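Enquirer: Right, I'll just put the structure down here and ask away after.
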Amino acid sequence: MKQPVTYTLYHPKWYRRPMSTYWWTKRWRYLRFILRELSSISVAWTVILLLLLINSMGDEAMYAGYLDWLQSPWLVVLNAFALVFLLFHTVTWFNLAPRAMAVRLRGKRLPDWAVAAPNFIAWAVLSAGVVWFVLKGV
Amino acid sequence: MEVHSHDVLMIGGGGAGLRAAIAIAEVDPRLKIAVASKVYPMRSHTVSAEGGAAGVIKPDDSIDEHIYDTISGGDWLSDQDAVEAFVNEAPQELLRLEHWGCPWNREADGAVAVRAFGGMKKKRTWFAADKTGFHLLHTLFQTSLKYTHITRYDEWFVTRLLHDGERVQGVVAIHLMTGRIQAILAKSVIICTGGCGRVFPFTTNANIKNGDGMALAYRAGAPLKDMEFIQYHPTGLPFTGILITEAARAEGGYLINKDGYRYLQDYNLGAPQDKPVLRSMELGPRDRLSQAFVKEFEKGRTIDTPYGAVVHLDIRHLGEKLINARIPFVRELCLKYENIDPAKELIPVRPVVHYMMGGVHTDIEGATPLLGLYAAGEAACVSINGANRLGSNSLTEILVFGARAGRAAAQFALEAAPPDSGMLAQAEDEERRLQEVFLHKTGGRESIAGLRGEMQTVMEKSVGIYREEKLLSEAASRIAELQERFRDIVITDHSHTFNTELTAAVELSYMLDVAEAMVACALNRTESRGAHQRTDYPDRNDEKFLAHSLVVRSGDGTPQVSLLPVTITRWPPAERVYGK
Amino acid sequence: MAETIVLEVARYRPEIEAEPAFENFEVPCRPDWVVLDALNYIKDAIDGTLSFRWSCRMGVCGSCGMMVNGEPKLTCATFLTDYLPGPIRIEPLSNFPIVRDLIIEMSDFMTKLQGVKPWIIRNEDLPVSQGEYRQSPEQLETYKQFSMCINCLLCYAACPVYGLDQHFVGPAALALAQRYNLDSRDEGEAQRLEILSEHEGIWGCTFVGECSVVCPKHVDPAGAIQQYKLKAVTEWFKSILLPRGGRD
């Protein structure tokens with residue numbers, strides 16, 4: 001049993017509010033932050049996938065096994081999830097870039113979009129490159 | 001009772017108090033310094049000052065011109081030796097602030113920029129956009145944190161000066177957090193509590209501006225000076241009383257009546273030009289502009305609103321870019337509180353109680369007639385502001401005279417004997433008084449808000465922009481009656497923890513004392529000068545009244561007014577000429 | 001237009017109560033009234049014991065921050081009519097101990113502010129007689145935004161990191177440290193870095209970003225902290241890669 005604290009004259013009795021474990025459900029922006037943090041798991045997962053891919057290359061049987069594994073329904077669902085979170089991760093971080101980098105040109109701070117845009121452009125160019133590379137092989 | 005001891009104690013942690021504290025720390029690092037404030041220092045009302053701080057720095061300007069502007073602006077009631085010291089020390093004080101990190105606006109070459117201001121013949125107002133007071137206060141406060149031996153009593157509310165009739169030796173204060181009533185002894189005490197605008201219903205002043213320090217000094221027997229000189233700022237937002245800085249006019253804003261006419265041209269303030277002209281029209285002194293408003297109202301040329309008559313401030317022609325660069329706070333305040341965009345719409349404004357020229361009587365070093373008691377800033381009256389303060393002189397004043405009072409109080413403390421033991425008995429008496437009169441009081445019929453409201457109504461009606469004998473006499477008896485009724489006040493909050501009803505009650509008692517002194521001085525001055533305009537005595541009378549009003553509390557508690565000649569050195573009284 | 005609106009005000013009287021509880025007050029809902037006006041109406045006309053801090057009523061002194069319907073707000077700049085038909089829930093700022101009613105204990109912030117050395121540090125002071133330090137408008141603009149902090153503590157109330165770990169220096173103090181770091185007159189960055197690069201300094205921040213959302217003066221403390229992290233990392237790399245003395 002917790003004893004209630006009694007007031008002693010001239011001694012302030014402060015009340016400290018406990019912070020709920022579920023504080024991140026209180027506001028959409030907090031939840032978005034938690035999701036952004038969680039999305040790094042998708043990033044890690046994608047890295048593992050890529051490492052497995054690299055490991056299987058050069059060995060026909062292993063590569064075929066890897067592709068088979070990729071086509072299993074639960075993995076397709078998992079990767080779909082991962083893709084959504086990856087996109088979320090990318091977009092949120094790119095949008096935060098202007099906050100972390102105050103880029104100045106001739107003494108004037110560049111507007112946020114001007115700092116964020118190159119990230120998105122680089123992303124689009126790289127993605128296009130990958131698509132071109134993949135489709136070329138078809 | 002717990003007792004604290006220091007060498008020098010500041011009451012108030014605004015611009016003047018902090019500047020004084022730093023000055024003392026620089027005189028002798030061994031001095032034990034304390035700052036007691038009823039709010040955290042960065043909440044002090046210095047924070048609300050907007051337009052700027054005057055100091056001669058540009059090559060086209062001169063010390064003599066700043067002196068002349070100040071003296072003529074003050075309608076020759078300023079002490080000229082004080083003004084001279086003030087103007088001479090102003091630039092170095094502002095430079096010191098620059099060295100401490102104040103974000104002054106700059107010219108392209110990196111030099112400090114200056115802007116025009118009302119009643120000033122040259123551009124000499126240093127500014128940090130239109131949040132100069134905010135930046136000045138935070139710069140001072142943050143710099144003061146460097147001096148770890150400055151003890152701060154944050155949220156301690158001072159209720160009494162401890163003194164033996166000749167020398168002040170400390171204070172009694174309530175620590176709001178715990179409710180403890182304690183003595184803070186000090187060899188010298190500096191009052192830096194600011195003004196008393198809350199005596200009036202419609203004011204730019206913050207809730208904390210209750211004339212605390214003026215009343216404390218007055219009760220201890222120190223004279224107050226020139227209490228009839230209350231400045232109305234011509235441009236406050238209706239209802240809230242939020243200040244729209246003079247800088248809006250200095251940057252080129254127009255004041256227009258309901259017909260869109262720049263009415264100031266009818267009041268001996270010059271002819272309208274497109275661009276602002278120094279010491280002319282909208283850049284005339286505040287007393288003249290506020291008086292012109294009343295005349296326009298009488299002619300029926302103002303605009304009626306639910307919160308009284310207004311005129312319009314027009315800054316649309318300045319353009320969004322200049323507004324955002326030079327007076328962004330004006331736009332922020334209008335958007336937030338009036339829901340109008342001044343880049344596109346007219347700003348409704350009316351005169352609003354803004355500043356107290358009077359205050360605790362001090363000499364040029366900030367010393368009061370009571371030994372060990374000093375005052376600086378708006379709480380003090382040195383006097384450099386005379387009968388009407390020029391905009392942007394007050395921020396500089398808190399620096400110059402804050403530092404001067406600090407140095408003088410430090411010197412006094414270095415030589416003075418420690419406080420005597422009799423002070424403790426006095427402090428215990430004060431503790432008993434606070435408990436009997438407020439904390440443990442039951443019964444009563446008068447509400448704090450009710451009495452305060454009545455006082456404010458009386459003051460606005462009788463000690464406004466124009467005054468007359470009949471209303472002033474009525475006010476004197478009304479305030480005396482309110483003093484009497486105050487004894488029957490209701491206190492519902494008997495808590496020791498952060499009792500804001502207790503502080504509100506004590507603040508009301510301070511304001512009643514200050515109001516009483518104001519009315520007495522206004523009654524006694526049968527002439528018109530600066531901010532004191534008597535409809536029954538419309539002319540300035542230098543023969544009789546080239547003198548300060550000094551008011552002391554007599555034995556029976558009533559105010560007693562006498563006159564003290566103004567110090568005139570090189571600038572004999574002349575006519576105030578604007579717009580020429 | 002509704003005539004009145006109900007305020008659910010958090011009350012805590014430490015001398016008689018164990019914990020806070022809400023009390024409802026019905027107040028006039030006037031179009032130009034802010035939440036603070038309503039609180040003053042309660043204090044003046046209904047219950048004189050209601051306790052809260054306020055001063056300037058123009059959004060610059062920073063006294064009257066409270067939680068309004070769960071969001072940290074300056075109550076002098078929060079209009080009643082934006083919450084029609086009500087009720088409006090008023091609580092003391094989150095993440096701070098409550099002293100009484102709507103008053104929080106804030107000395108923790110004061111200590112932390114002093115800790116980051118928010119003043120100009122120079123190796124050698126220029127004498128005042130030599131005039132001002134030159135600072136171009138561009139140099140001024142570099143730190144100006146971070147100098148706008150009014151210490152209202154809304155950012156601390158919005159910061160879950162501070163809520164979970166009271167040792168975290170927190171948004172406003174870190175932004176003010178960065179304000180001086182970026183000032184062309186200051187040479188104290190190295191001194192401050194020592195304090196700020198501790199775990200509870202900049203690295204405590206996980207970039208939730210809520211501090212910048214609630215800041216009434218658009219100071220962007222979150223931005224200040226991330227910029228500082230970037231700077232700290234760059235400095236660290238420099239110290240690894242460049243021989244001693246090669247650093248600036």
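By order of appearance in the structure tokens: chains A, B, ..., then residues from 1 within every chain, and ligands from 1 in the order shown.
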Could you list, as a list in words, the residues of chain B having an atom within 12 Å of chain A when counting only C-alpha atoms?

Expert: Met1, Glu2, Ala108, Ile174, His175, Leu176, Met177, Thr178, Gly179, Arg180, Ile181, Gln182, Ser495, His496, Thr497 and Phe498 of chain B

Enquirer: Only N, CA and C atoms, please: the residues just picked out, written as a CSV table (one decimal), in the first residue's frame.

Expert:
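New file out_30.csv:
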```csv
chain,number,residue,atom,x,y,z
B,1,MET,N,11.9,32.8,12.4
B,1,MET,CA,11.9,33.4,11.0
B,1,MET,C,13.3,33.2,10.4
B,2,GLU,N,13.3,32.7,9.2
B,2,GLU,CA,14.6,32.5,8.5
B,2,GLU,C,15.1,33.9,8.0
B,108,ALA,N,24.2,47.0,-43.7
B,108,ALA,CA,24.9,46.0,-44.6
B,108,ALA,C,26.3,45.8,-44.2
B,174,ILE,N,7.7,37.2,0.9
B,174,ILE,CA,7.0,35.9,0.9
B,174,ILE,C,7.6,35.0,-0.2
B,175,HIS,N,8.1,33.9,0.2
B,175,HIS,CA,8.5,32.9,-0.8
B,175,HIS,C,7.3,32.2,-1.3
B,176,LEU,N,6.9,32.5,-2.5
B,176,LEU,CA,5.5,32.1,-2.9
B,176,LEU,C,5.4,30.5,-2.9
B,177,MET,N,6.4,29.8,-3.3
B,177,MET,CA,6.4,28.4,-3.4
B,177,MET,C,6.0,27.7,-2.1
B,178,THR,N,6.6,28.2,-1.0
B,178,THR,CA,6.4,27.6,0.3
B,178,THR,C,5.5,28.4,1.2
B,179,GLY,N,5.3,29.7,1.0
B,179,GLY,CA,4.5,30.5,1.8
B,179,GLY,C,5.3,31.1,3.0
B,180,ARG,N,6.6,30.7,3.1
B,180,ARG,CA,7.4,31.2,4.2
B,180,ARG,C,7.6,32.7,4.1
B,181,ILE,N,7.5,33.4,5.2
B,181,ILE,CA,7.7,34.8,5.2
B,181,ILE,C,9.1,35.0,5.8
B,182,GLN,N,10.0,35.7,5.1
B,182,GLN,CA,11.4,35.7,5.6
B,182,GLN,C,12.0,37.1,5.4
B,495,SER,N,-4.2,29.4,1.9
B,495,SER,CA,-3.1,28.4,1.6
B,495,SER,C,-1.8,29.1,1.7
B,496,HIS,N,-0.8,28.3,2.0
B,496,HIS,CA,0.6,28.8,2.0
B,496,HIS,C,1.3,28.6,0.7
B,497,THR,N,0.7,27.7,-0.1
B,497,THR,CA,1.4,27.4,-1.4
B,497,THR,C,0.9,28.3,-2.5
B,498,PHE,N,1.8,29.0,-3.0
B,498,PHE,CA,1.6,29.9,-4.2
B,498,PHE,C,0.2,30.6,-4.1
```

Enquirer: Counting only C-alpha atoms, a student should be able to say which residues of chain C come within 8 Å of chain A; what is the right answer, written as JSON, numbers by chain?

Expert: {"C": [14, 15, 16, 18, 19, 20, 94, 95, 96, 97, 98, 99, 100, 105, 138, 139, 160, 163, 164, 208, 210, 222, 223, 224, 225, 226, 227, 230]}

Enquirer: Write to file, as a CSV table (one decimal), in the first residue's frame, the residues of the selection just made, with N, CA and C atoms.

Expert:
```csv
chain,number,residue,atom,x,y,z
C,14,PRO,N,-2.4,21.3,-2.6
C,14,PRO,CA,-1.5,20.3,-1.9
C,14,PRO,C,-1.7,20.2,-0.4
C,15,GLU,N,-2.3,21.2,0.1
C,15,GLU,CA,-2.5,21.2,1.6
C,15,GLU,C,-3.7,20.3,2.0
C,16,ILE,N,-4.6,20.1,1.0
C,16,ILE,CA,-5.8,19.3,1.4
C,16,ILE,C,-6.1,18.1,0.5
C,18,ALA,N,-4.8,14.9,-2.2
C,18,ALA,CA,-3.7,14.0,-2.4
C,18,ALA,C,-3.2,14.1,-3.9
C,19,GLU,N,-4.2,14.3,-4.8
C,19,GLU,CA,-3.9,14.4,-6.2
C,19,GLU,C,-4.9,15.3,-6.9
C,20,PRO,N,-4.5,15.7,-8.2
C,20,PRO,CA,-5.3,16.7,-8.9
C,20,PRO,C,-6.7,16.1,-9.3
C,94,SER,N,2.4,19.6,-19.1
C,94,SER,CA,2.9,18.2,-18.8
C,94,SER,C,4.3,18.1,-18.5
C,95,ASN,N,4.7,17.0,-18.0
C,95,ASN,CA,6.2,16.7,-17.8
C,95,ASN,C,6.8,17.5,-16.7
C,96,PHE,N,6.1,18.4,-16.0
C,96,PHE,CA,6.6,19.1,-14.8
C,96,PHE,C,5.8,18.7,-13.6
C,97,PRO,N,6.5,18.8,-12.4
C,97,PRO,CA,5.7,18.6,-11.2
C,97,PRO,C,4.7,19.7,-11.0
C,98,ILE,N,3.6,19.4,-10.4
C,98,ILE,CA,2.6,20.5,-10.2
C,98,ILE,C,2.7,21.0,-8.8
C,99,VAL,N,2.8,22.3,-8.7
C,99,VAL,CA,2.9,23.0,-7.4
C,99,VAL,C,1.5,23.2,-6.8
C,100,ARG,N,0.7,23.7,-7.6
C,100,ARG,CA,-0.7,24.0,-7.2
C,100,ARG,C,-1.5,24.3,-8.4
C,105,GLU,N,6.4,23.4,-11.4
C,105,GLU,CA,7.7,23.7,-10.8
C,105,GLU,C,8.7,23.7,-12.0
C,138,GLU,N,23.4,39.0,-42.6
C,138,GLU,CA,23.3,37.6,-42.9
C,138,GLU,C,23.8,36.8,-41.6
C,139,GLN,N,24.8,37.3,-41.0
C,139,GLN,CA,25.3,36.6,-39.8
C,139,GLN,C,24.3,36.7,-38.7
C,160,PRO,N,8.4,13.9,-25.3
C,160,PRO,CA,8.3,12.7,-24.6
C,160,PRO,C,9.6,12.3,-24.0
C,163,GLY,N,9.8,13.9,-20.8
C,163,GLY,CA,8.9,13.2,-19.9
C,163,GLY,C,9.4,11.9,-19.3
C,164,LEU,N,10.1,11.2,-20.1
C,164,LEU,CA,10.6,9.9,-19.7
C,164,LEU,C,11.9,10.0,-18.9
C,208,VAL,N,11.7,13.6,-32.2
C,208,VAL,CA,10.2,13.5,-32.3
C,208,VAL,C,9.7,14.7,-33.0
C,210,GLU,N,8.1,17.3,-31.9
C,210,GLU,CA,6.9,18.0,-31.4
C,210,GLU,C,7.2,19.3,-30.8
C,222,ALA,N,13.9,21.5,-32.5
C,222,ALA,CA,14.3,20.2,-33.0
C,222,ALA,C,15.4,20.4,-34.1
C,223,GLY,N,15.1,21.4,-35.0
C,223,GLY,CA,16.1,21.8,-36.0
C,223,GLY,C,17.4,22.1,-35.4
C,224,ALA,N,17.4,22.9,-34.4
C,224,ALA,CA,18.7,23.4,-33.7
C,224,ALA,C,19.5,22.2,-33.3
C,225,ILE,N,18.8,21.2,-32.6
C,225,ILE,CA,19.5,20.1,-32.1
C,225,ILE,C,20.0,19.2,-33.2
C,226,GLN,N,19.3,19.0,-34.3
C,226,GLN,CA,19.8,18.1,-35.3
C,226,GLN,C,21.0,18.8,-36.0
C,227,GLN,N,20.9,20.1,-36.2
C,227,GLN,CA,22.0,20.8,-36.8
C,227,GLN,C,23.3,20.6,-35.9
C,230,LEU,N,24.8,17.2,-36.3
C,230,LEU,CA,25.6,17.1,-37.5
C,230,LEU,C,27.0,17.7,-37.3
```

Enquirer: Go through B:Ser78, B:Thr500, B:Thr125, B:Gln483 one by one, measure the shortest atom-to-atom distance of each to chain C using only C-alpha atoms, and give the residue with the smallest value.

Expert: B:Thr500

Enquirer: Counting only C-alpha atoms, which residues of chain C come no farther than 6 Å from chain B, as a list in words?

Expert: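 Close to chain B, chain C has Asp44, Thr49, Ser55, Cys56, Cys61, Gln114, Pro118, Trp119, Ile120, Glu132, Arg134, Gln135, Ser136 and Pro137 of chain C.
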
Enquirer: Enumerate as JSON, numbers by chain all residues of region 1-123 of chain A assigned to strand (DSSP E) by DSSP on the backbone, naming them with the chain letters and numbers the document uses.

Expert: {"A": [104, 105, 108, 109]}

Enquirer: Take the residues that were just selected and, keeping C-alpha atoms, output them as an mmCIF file, in the first residue's frame.

Expert:
```cif
data_model
loop_
_atom_site.group_PDB
_atom_site.id
_atom_site.type_symbol
_atom_site.label_atom_id
_atom_site.label_comp_id
_atom_site.auth_asym_id
_atom_site.auth_seq_id
_atom_site.Cartn_x
_atom_site.Cartn_y
_atom_site.Cartn_z
ATOM 1 C CA ARG A 104 22.973 28.708 -46.880
ATOM 2 C CA LEU A 105 23.520 30.179 -50.285
ATOM 3 C CA LYS A 108 20.258 33.304 -47.323
ATOM 4 C CA ARG A 109 18.974 30.067 -45.886
#
```

Enquirer: Skip region 171-186 of chain C itself and residues of its chain fewer than 5 positions away, then list as a ChimeraX atom specification all residues within 8 Å of it, counting only C-alpha atoms.

Expert: /B:99,101 /C:109,112-113,116-122,133,135,139-140,142-144,146-147,149,151,153,155-156,159,192,196,201-202,211,219-222,224-225,228

Enquirer: Applying 8 Å and only C-alpha atoms, which residues near region 311-321 of chain B remain after dropping the ones on its own chain fewer than 6 positions away? List them as a ChimeraX atom specification.

Expert: /B:235,248-249,251-258,293,302-303,342-350

Enquirer: Pick out the residues sitting within 12 Å of Gly377 (chain B), and hand them over as number ranges by chain; count only C-alpha atoms, and ignore anything fewer than 4 positions along from it in its own chain.

Expert: B: 10-20, 45-46, 190-195, 213-214, 355-362, 366, 381-385, 393-406

Enquirer: With C-alpha atoms retained, write the just-selected residues as a short mmCIF file (atom, residue, chain, number, x, y, z; two decimals), in the first residue's frame.

Expert:
```
data_model
loop_
_atom_site.label_atom_id
_atom_site.label_comp_id
_atom_site.auth_asym_id
_atom_site.auth_seq_id
_atom_site.Cartn_x
_atom_site.Cartn_y
_atom_site.Cartn_z
CA MET B 10 17.74 44.29 -5.98
CA ILE B 11 13.96 44.21 -5.73
CA GLY B 12 12.90 43.32 -9.26
CA GLY B 13 14.72 41.31 -11.90
CA GLY B 14 13.86 43.24 -15.05
CA GLY B 15 16.23 45.29 -17.14
CA ALA B 16 17.21 47.74 -14.39
CA GLY B 17 17.59 45.09 -11.68
CA LEU B 18 19.71 42.79 -13.80
CA ARG B 19 21.86 45.62 -15.14
CA ALA B 20 22.42 46.80 -11.56
CA HIS B 45 7.81 43.61 -18.11
CA THR B 46 10.96 44.85 -19.88
CA ILE B 190 17.76 48.95 -5.03
CA ILE B 191 14.14 49.24 -6.09
CA CYS B 192 13.77 48.10 -9.70
CA THR B 193 10.14 47.10 -9.76
CA GLY B 194 9.01 49.08 -12.80
CA GLY B 195 5.83 51.00 -13.31
CA GLY B 213 8.43 49.45 -5.29
CA MET B 214 6.94 52.93 -5.34
CA TYR B 355 4.45 54.62 -18.77
CA MET B 356 4.99 56.40 -15.47
CA MET B 357 7.31 59.38 -15.76
CA GLY B 358 7.23 59.75 -11.99
CA GLY B 359 8.53 57.38 -9.36
CA VAL B 360 10.73 57.12 -6.32
CA HIS B 361 12.69 60.37 -5.98
CA THR B 362 16.39 59.76 -6.60
CA GLY B 366 19.97 56.56 -8.07
CA CYS B 381 12.27 59.33 -11.08
CA VAL B 382 15.74 60.80 -11.60
CA SER B 383 14.30 62.70 -13.60
CA ILE B 384 15.31 62.55 -17.24
CA ASN B 385 11.80 62.11 -18.62
CA ASN B 393 14.61 56.62 -23.90
CA SER B 394 13.28 54.21 -21.28
CA LEU B 395 15.14 51.08 -22.37
CA THR B 396 18.34 53.10 -22.34
CA GLU B 397 17.38 54.58 -18.98
CA ILE B 398 17.16 51.18 -17.29
CA LEU B 399 20.68 50.44 -18.49
CA VAL B 400 22.32 53.77 -17.65
CA PHE B 401 20.65 54.29 -14.30
CA GLY B 402 20.51 50.59 -13.47
CA ALA B 403 24.30 50.56 -13.75
CA ARG B 404 24.67 53.87 -11.90
CA ALA B 405 22.43 52.80 -9.02
CA GLY B 406 24.25 49.47 -8.90
#
```

Enquirer: Pick from A:Val47, A:Asn79, A:Ser56, A:Phe94: nearest to Asp112 (chain A), with only C-alpha atoms counted?

Expert: A:Phe94

Enquirer: Just want the 6 Å neighbourhood of Ser280 (chain B), counted on only C-alpha atoms, with same-chain residues fewer than 5 positions away dropped. Output as a CSV table (one decimal) with all heavy atoms, in the first residue's frame.

Expert:
```csv
chain,number,residue,atom,x,y,z
B,269,LEU,N,1.5,70.0,-35.5
B,269,LEU,CA,2.5,69.0,-35.5
B,269,LEU,C,3.2,69.0,-36.9
B,269,LEU,O,3.9,68.0,-37.3
B,269,LEU,CB,2.0,67.7,-35.2
B,269,LEU,CG,1.8,67.5,-33.6
B,269,LEU,CD1,0.7,66.4,-33.4
B,269,LEU,CD2,3.1,67.1,-32.9
B,270,GLY,N,2.9,70.0,-37.7
B,270,GLY,CA,3.6,70.0,-39.0
B,270,GLY,C,2.6,69.6,-40.2
B,270,GLY,O,1.4,69.3,-39.9
B,578,TYR,N,7.2,71.5,-32.7
B,578,TYR,CA,7.3,70.3,-33.6
B,578,TYR,C,6.8,70.6,-35.0
B,578,TYR,O,5.9,71.5,-35.2
B,578,TYR,CB,6.4,69.1,-32.9
B,578,TYR,CG,7.1,68.6,-31.7
B,578,TYR,CD1,6.7,69.1,-30.4
B,578,TYR,CD2,8.2,67.8,-31.7
B,578,TYR,CE1,7.3,68.7,-29.2
B,578,TYR,CE2,8.8,67.3,-30.5
B,578,TYR,CZ,8.3,67.8,-29.3
B,578,TYR,OH,9.0,67.4,-28.2
B,579,GLY,N,7.3,69.8,-35.9
B,579,GLY,CA,6.8,70.0,-37.3
B,579,GLY,C,7.4,71.1,-38.0
B,579,GLY,O,6.9,71.5,-39.1
```

Enquirer: Distance CA of Ser51 (chain C)-CA of Gly444 (chain B), one decimal place?

Expert: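 CA of Gly444 (chain B) lies 21.3 Å from CA of Ser51 (chain C).
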
Enquirer: Give me the residues near Ile54 (chain A) as a list of chain:residue names, where near means some atom within 10 Å (using only C-alpha atoms) and where sequence neighbours in that chain fewer than 5 positions away do not count.

Expert: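 Close residues of Ile54 (chain A): A:Ile48, A:Leu49, A:Tyr63.
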
Enquirer: To test your reading of the structure, identify every residue in region 73-139 of chain B that backbone DSSP assigns to alpha helix (DSSP H), and report it as a VMD selection string.

Expert: chain B and resid 73 80 to 99 132 to 139

Enquirer: Kindly export the residues of the current selection with N, CA and C atoms, as an mmCIF file, in the first residue's frame.

Expert:
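Saved result, part-v7.cif, follows:
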```
data_model
loop_
_atom_site.group_PDB
_atom_site.id
_atom_site.type_symbol
_atom_site.label_atom_id
_atom_site.label_comp_id
_atom_site.auth_asym_id
_atom_site.auth_seq_id
_atom_site.Cartn_x
_atom_site.Cartn_y
_atom_site.Cartn_z
ATOM 1 N N GLY B 73 11.171 67.384 -25.190
ATOM 2 C CA GLY B 73 10.137 66.348 -25.122
ATOM 3 C C GLY B 73 9.514 66.280 -23.745
ATOM 4 N N GLN B 80 18.465 68.725 -15.991
ATOM 5 C CA GLN B 80 19.346 68.745 -17.158
ATOM 6 C C GLN B 80 20.697 68.088 -16.899
ATOM 7 N N ASP B 81 21.149 68.121 -15.648
ATOM 8 C CA ASP B 81 22.405 67.407 -15.354
ATOM 9 C C ASP B 81 22.202 65.901 -15.516
ATOM 10 N N ALA B 82 21.015 65.438 -15.121
ATOM 11 C CA ALA B 82 20.724 64.009 -15.254
ATOM 12 C C ALA B 82 20.619 63.609 -16.720
ATOM 13 N N VAL B 83 19.956 64.467 -17.509
ATOM 14 C CA VAL B 83 19.810 64.158 -18.931
ATOM 15 C C VAL B 83 21.180 64.103 -19.594
ATOM 16 N N GLU B 84 22.034 65.050 -19.209
ATOM 17 C CA GLU B 84 23.371 65.091 -19.793
ATOM 18 C C GLU B 84 24.154 63.806 -19.493
ATOM 19 N N ALA B 85 24.101 63.375 -18.237
ATOM 20 C CA ALA B 85 24.783 62.134 -17.855
ATOM 21 C C ALA B 85 24.193 60.960 -18.627
ATOM 22 N N PHE B 86 22.867 60.966 -18.725
ATOM 23 C CA PHE B 86 22.156 59.887 -19.406
ATOM 24 C C PHE B 86 22.575 59.782 -20.877
ATOM 25 N N VAL B 87 22.526 60.912 -21.564
ATOM 26 C CA VAL B 87 22.826 60.890 -22.997
ATOM 27 C C VAL B 87 24.298 60.538 -23.235
ATOM 28 N N ASN B 88 25.165 61.036 -22.363
ATOM 29 C CA ASN B 88 26.588 60.737 -22.501
ATOM 30 C C ASN B 88 26.896 59.258 -22.326
ATOM 31 N N GLU B 89 26.218 58.622 -21.383
ATOM 32 C CA GLU B 89 26.524 57.220 -21.093
ATOM 33 C C GLU B 89 25.720 56.238 -21.937
ATOM 34 N N ALA B 90 24.676 56.767 -22.630
ATOM 35 C CA ALA B 90 23.796 55.878 -23.395
ATOM 36 C C ALA B 90 24.543 55.012 -24.417
ATOM 37 N N PRO B 91 25.401 55.617 -25.273
ATOM 38 C CA PRO B 91 26.028 54.784 -26.310
ATOM 39 C C PRO B 91 26.863 53.640 -25.737
ATOM 40 N N GLN B 92 27.614 53.911 -24.671
ATOM 41 C CA GLN B 92 28.470 52.837 -24.159
ATOM 42 C C GLN B 92 27.641 51.729 -23.512
ATOM 43 N N GLU B 93 26.504 52.104 -22.908
ATOM 44 C CA GLU B 93 25.638 51.061 -22.338
ATOM 45 C C GLU B 93 25.052 50.170 -23.433
ATOM 46 N N LEU B 94 24.643 50.799 -24.534
ATOM 47 C CA LEU B 94 24.069 50.014 -25.628
ATOM 48 C C LEU B 94 25.140 49.153 -26.292
ATOM 49 N N LEU B 95 26.345 49.706 -26.369
ATOM 50 C CA LEU B 95 27.460 48.916 -26.925
ATOM 51 C C LEU B 95 27.757 47.718 -26.033
ATOM 52 N N ARG B 96 27.679 47.949 -24.718
ATOM 53 C CA ARG B 96 27.942 46.846 -23.786
ATOM 54 C C ARG B 96 26.931 45.722 -24.035
ATOM 55 N N LEU B 97 25.676 46.116 -24.226
ATOM 56 C CA LEU B 97 24.647 45.119 -24.540
ATOM 57 C C LEU B 97 24.996 44.378 -25.829
ATOM 58 N N GLU B 98 25.556 45.123 -26.770
ATOM 59 C CA GLU B 98 25.969 44.504 -28.034
ATOM 60 C C GLU B 98 27.043 43.459 -27.758
ATOM 61 N N HIS B 99 27.969 43.807 -26.903
ATOM 62 C CA HIS B 99 29.051 42.873 -26.585
ATOM 63 C C HIS B 99 28.537 41.650 -25.829
ATOM 64 N N THR B 132 12.652 44.695 -29.086
ATOM 65 C CA THR B 132 13.887 45.157 -28.473
ATOM 66 C C THR B 132 13.933 44.838 -26.979
ATOM 67 N N GLY B 133 12.833 45.078 -26.286
ATOM 68 C CA GLY B 133 12.804 44.823 -24.847
ATOM 69 C C GLY B 133 12.994 43.355 -24.539
ATOM 70 N N PHE B 134 12.357 42.526 -25.331
ATOM 71 C CA PHE B 134 12.499 41.084 -25.169
ATOM 72 C C PHE B 134 13.966 40.663 -25.306
ATOM 73 N N HIS B 135 14.610 41.125 -26.363
ATOM 74 C CA HIS B 135 16.001 40.729 -26.585
ATOM 75 C C HIS B 135 16.922 41.325 -25.527
ATOM 76 N N LEU B 136 16.623 42.555 -25.155
ATOM 77 C CA LEU B 136 17.453 43.215 -24.148
ATOM 78 C C LEU B 136 17.362 42.464 -22.812
ATOM 79 N N LEU B 137 16.147 42.107 -22.430
ATOM 80 C CA LEU B 137 15.961 41.413 -21.151
ATOM 81 C C LEU B 137 16.616 40.039 -21.168
ATOM 82 N N HIS B 138 16.395 39.282 -22.237
ATOM 83 C CA HIS B 138 16.970 37.941 -22.271
ATOM 84 C C HIS B 138 18.495 37.989 -22.368
ATOM 85 N N THR B 139 19.026 38.971 -23.079
ATOM 86 C CA THR B 139 20.480 39.121 -23.126
ATOM 87 C C THR B 139 21.024 39.407 -21.723
#
```
